[in-house]
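Student: Take this structure first; my questions come after.
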Amino acid sequence: DLHPRVRRQRQMCIRDRTHRIAYLIAEKGVNPWNILAITFTNKAAQEMRERVDKNVGLDGGSVWVSTFHSTCVRILRRHADRIGYDNNFTIYDTDDQKTLIKDVCRRLNVDTKKYKERSLLAQISHAKDELVTPDEMLMNAADFNEKKVAEIYREYQISLRRNNAFDFDDLIVKTVELFQNCGEVLESYQERFRYIMVDAVSYTHLRAHETPEHL
């Protein structure tokens, strides 16, 4: 559970942003279709969705209110085919990832006593958080161990693509890749989302992935 002070701050943020959305629509004549509101947690997104629907009415349904990752899923469901995936991709949960990394280690004859599967997944996740590709990790490897991790990362990504699957970190990484490689898709969302509202936690996360600069 959130600390009461943090909970109050979050509720104030949601209330203020909801009022801002209602003001833009009612007073400024902004099309709800042109508004994107991103928050970090599913609970906060649900609260905001309910407030927007209540305060704005039927028009509120056209406002995109969701978490960062959910926004990426919606975009990828429409355009993943532009970066080599089917749009009906699977999203791997933690158990799926563990199963996959075990399979990768087995295929590469990796000693999992030395290279712990949990540690490998953490290093892969960190690389994705920094938008580092397997090839970049391999190129920058300073020693044998880092090279081995990069090789495992590369095989892990190959396996995900073969299975038409994304892990949780890929939802962000692949959306960035989509925007970087498909200018017309990026332009369509820039044209649509004229007003973007992001909470502080999500903004920090978004900045790390260059997403605000894209939109």
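So you can find residues: chains in the structure tokens are A, B, ... in the order shown, residues in each start at 1, and ligands are numbered from 1 in order.
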Within 9 Å of range 177-195 of chain A, which residues of range 39-100 of chain A show up? Give each one with its shortest atom-to-atom distance in Å (one decimal) and the two atoms involved, counting only C-alpha atoms, rows by chain then rising residue number, as a tab-separated table.
Tutor:
```
residue	atom	partner	partner_atom	distance
A:Leu76	CA	A:Leu178	CA	8.3
A:His79	CA	A:Leu178	CA	7.9
A:Ala80	CA	A:Leu178	CA	7.6
A:Arg82	CA	A:Leu178	CA	7.2
A:Ile83	CA	A:Leu178	CA	6.3
```
Student: Print the selection's residues with N, CA and C atoms to a file, as a tab-separated table (two decimals), in the first residue's frame.
Tutor:
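Final output, saved to result18.tsv:
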```tsv
chain	number	residue	atom	x	y	z
A	76	LEU	N	1.57	-1.06	-30.56
A	76	LEU	CA	2.17	-2.24	-31.19
A	76	LEU	C	1.12	-3.19	-31.75
A	79	HIS	N	0.68	-1.85	-35.15
A	79	HIS	CA	1.80	-1.63	-36.07
A	79	HIS	C	2.99	-2.57	-35.91
A	80	ALA	N	2.89	-3.60	-35.08
A	80	ALA	CA	4.05	-4.48	-34.86
A	80	ALA	C	4.52	-5.13	-36.16
A	82	ARG	N	5.08	-3.75	-38.79
A	82	ARG	CA	6.02	-2.86	-39.46
A	82	ARG	C	7.47	-3.11	-39.03
A	83	ILE	N	7.65	-3.83	-37.91
A	83	ILE	CA	9.01	-4.13	-37.43
A	83	ILE	C	9.24	-5.65	-37.36
```
Student: Please return as number ranges by chain: the residues of range 6-134 of chain A that backbone DSSP assigns to alpha helix (DSSP H).
Tutor: A: 6-26, 42-56, 68-79, 94-107, 117-129, 134
Student: Could those selected residues go to a file with C-alpha atoms, as a JSON list (two decimals), in the first residue's frame?
Tutor:
```json
[["chain", "number", "residue", "atom", "x", "y", "z"],
["A", 6, "VAL", "CA", 1.93, 9.66, -1.40],
["A", 7, "ARG", "CA", -1.64, 8.49, -1.91],
["A", 8, "ARG", "CA", -2.96, 12.02, -1.34],
["A", 9, "GLN", "CA", -0.42, 13.46, -3.78],
["A", 10, "ARG", "CA", -1.39, 10.91, -6.41],
["A", 11, "GLN", "CA", -5.09, 11.62, -5.96],
["A", 12, "MET", "CA", -4.46, 15.36, -6.22],
["A", 13, "CYS", "CA", -2.45, 14.79, -9.39],
["A", 14, "ILE", "CA", -5.23, 12.67, -10.88],
["A", 15, "ARG", "CA", -7.86, 15.24, -9.92],
["A", 16, "ASP", "CA", -5.86, 18.14, -11.35],
["A", 17, "ARG", "CA", -5.17, 16.32, -14.59],
["A", 18, "THR", "CA", -8.82, 15.31, -14.92],
["A", 19, "HIS", "CA", -9.90, 18.93, -14.44],
["A", 20, "ARG", "CA", -7.33, 19.97, -17.04],
["A", 21, "ILE", "CA", -8.77, 17.47, -19.55],
["A", 22, "ALA", "CA", -12.33, 18.66, -18.87],
["A", 23, "TYR", "CA", -11.21, 22.30, -19.26],
["A", 24, "LEU", "CA", -9.49, 21.63, -22.58],
["A", 25, "ILE", "CA", -12.58, 19.92, -23.98],
["A", 26, "ALA", "CA", -15.30, 22.17, -22.55],
["A", 42, "ASN", "CA", -2.84, 0.48, -13.52],
["A", 43, "LYS", "CA", -4.70, 1.66, -10.42],
["A", 44, "ALA", "CA", -3.96, 5.32, -11.14],
["A", 45, "ALA", "CA", -4.98, 4.85, -14.78],
["A", 46, "GLN", "CA", -8.27, 3.26, -13.70],
["A", 47, "GLU", "CA", -8.98, 6.10, -11.25],
["A", 48, "MET", "CA", -8.30, 8.69, -13.91],
["A", 49, "ARG", "CA", -10.39, 6.83, -16.48],
["A", 50, "GLU", "CA", -13.35, 6.84, -14.10],
["A", 51, "ARG", "CA", -12.93, 10.54, -13.28],
["A", 52, "VAL", "CA", -12.61, 11.51, -16.96],
["A", 53, "ASP", "CA", -15.74, 9.55, -17.88],
["A", 54, "LYS", "CA", -17.63, 11.14, -14.99],
["A", 55, "ASN", "CA", -16.48, 14.71, -15.58],
["A", 56, "VAL", "CA", -16.41, 14.77, -19.37],
["A", 68, "PHE", "CA", 3.00, 3.83, -20.23],
["A", 69, "HIS", "CA", 3.19, 0.12, -21.06],
["A", 70, "SER", "CA", -0.49, -0.17, -21.98],
["A", 71, "THR", "CA", -0.09, 2.74, -24.39],
["A", 72, "CYS", "CA", 2.81, 0.92, -26.03],
["A", 73, "VAL", "CA", 0.75, -2.28, -26.30],
["A", 74, "ARG", "CA", -2.06, -0.41, -28.07],
["A", 75, "ILE", "CA", 0.39, 1.07, -30.55],
["A", 76, "LEU", "CA", 2.17, -2.24, -31.19],
["A", 77, "ARG", "CA", -1.11, -4.13, -31.65],
["A", 78, "ARG", "CA", -1.71, -1.89, -34.64],
["A", 79, "HIS", "CA", 1.80, -1.63, -36.07],
["A", 94, "THR", "CA", 8.03, -13.62, -15.65],
["A", 95, "ASP", "CA", 7.44, -17.37, -15.78],
["A", 96, "ASP", "CA", 7.59, -17.34, -19.58],
["A", 97, "GLN", "CA", 10.87, -15.44, -19.42],
["A", 98, "LYS", "CA", 12.37, -17.91, -16.96],
["A", 99, "THR", "CA", 11.37, -20.82, -19.19],
["A", 100, "LEU", "CA", 12.86, -19.12, -22.23],
["A", 101, "ILE", "CA", 16.15, -18.19, -20.57],
["A", 102, "LYS", "CA", 16.53, -21.78, -19.34],
["A", 103, "ASP", "CA", 16.01, -23.02, -22.89],
["A", 104, "VAL", "CA", 18.53, -20.49, -24.23],
["A", 105, "CYS", "CA", 21.12, -21.51, -21.64],
["A", 106, "ARG", "CA", 20.60, -25.16, -22.48],
["A", 107, "ARG", "CA", 21.03, -24.55, -26.21],
["A", 117, "GLU", "CA", 19.19, -17.26, -14.81],
["A", 118, "ARG", "CA", 17.73, -14.55, -12.58],
["A", 119, "SER", "CA", 20.90, -12.48, -12.95],
["A", 120, "LEU", "CA", 20.90, -12.95, -16.73],
["A", 121, "LEU", "CA", 17.32, -11.71, -16.98],
["A", 122, "ALA", "CA", 18.17, -8.72, -14.78],
["A", 123, "GLN", "CA", 21.12, -7.80, -17.00],
["A", 124, "ILE", "CA", 19.01, -8.16, -20.13],
["A", 125, "SER", "CA", 16.30, -5.98, -18.58],
["A", 126, "HIS", "CA", 18.86, -3.33, -17.65],
["A", 127, "ALA", "CA", 20.25, -3.33, -21.19],
["A", 128, "LYS", "CA", 16.76, -2.83, -22.62],
["A", 129, "ASP", "CA", 16.10, -0.07, -20.10],
["A", 134, "PRO", "CA", 22.55, -7.36, -28.11]]
```
Student: Between CA of Tyr92 in chain A and CA of Asn164 in chain A, what is the spacing in Å?
Tutor: 10.1 Å
Student: Quick check, in Å to one decimal: how far apart do CA of Ile152 in chain A and CA of Leu131 in chain A lie?
Tutor: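 Taking CA of Ile152 in chain A as the start and CA of Leu131 in chain A as the end point, the length is 16.6 Å.
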Student: Could you pull out the residues in range 4-208 of chain A that DSSP calls strand (DSSP E or B) from the backbone, as a list of chain:residue names?
Tutor: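 In range 4-208 of chain A, DSSP puts these residues in strand (DSSP E or B): A:Ile35, A:Leu36, A:Ala37, A:Ile38, A:Thr39, A:Trp64, A:Val65, A:Ser66, A:Thr67, A:Thr90, A:Ile91, A:Ala165, A:Phe166, A:Tyr195, A:Ile196, A:Met197, A:Val198.
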Student: Which is closer to Lys114 in chain A than all the others in A:Lys28, A:Lys148, A:Gly84, A:Thr67, using only C-alpha atoms?
Tutor: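 Closest candidate: A:Lys148.
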Student: If I take CA of Val63 in chain A and CA of Asp170 in chain A, how far is one from the other in Å, to one decimal?
Tutor: 24.9 Å
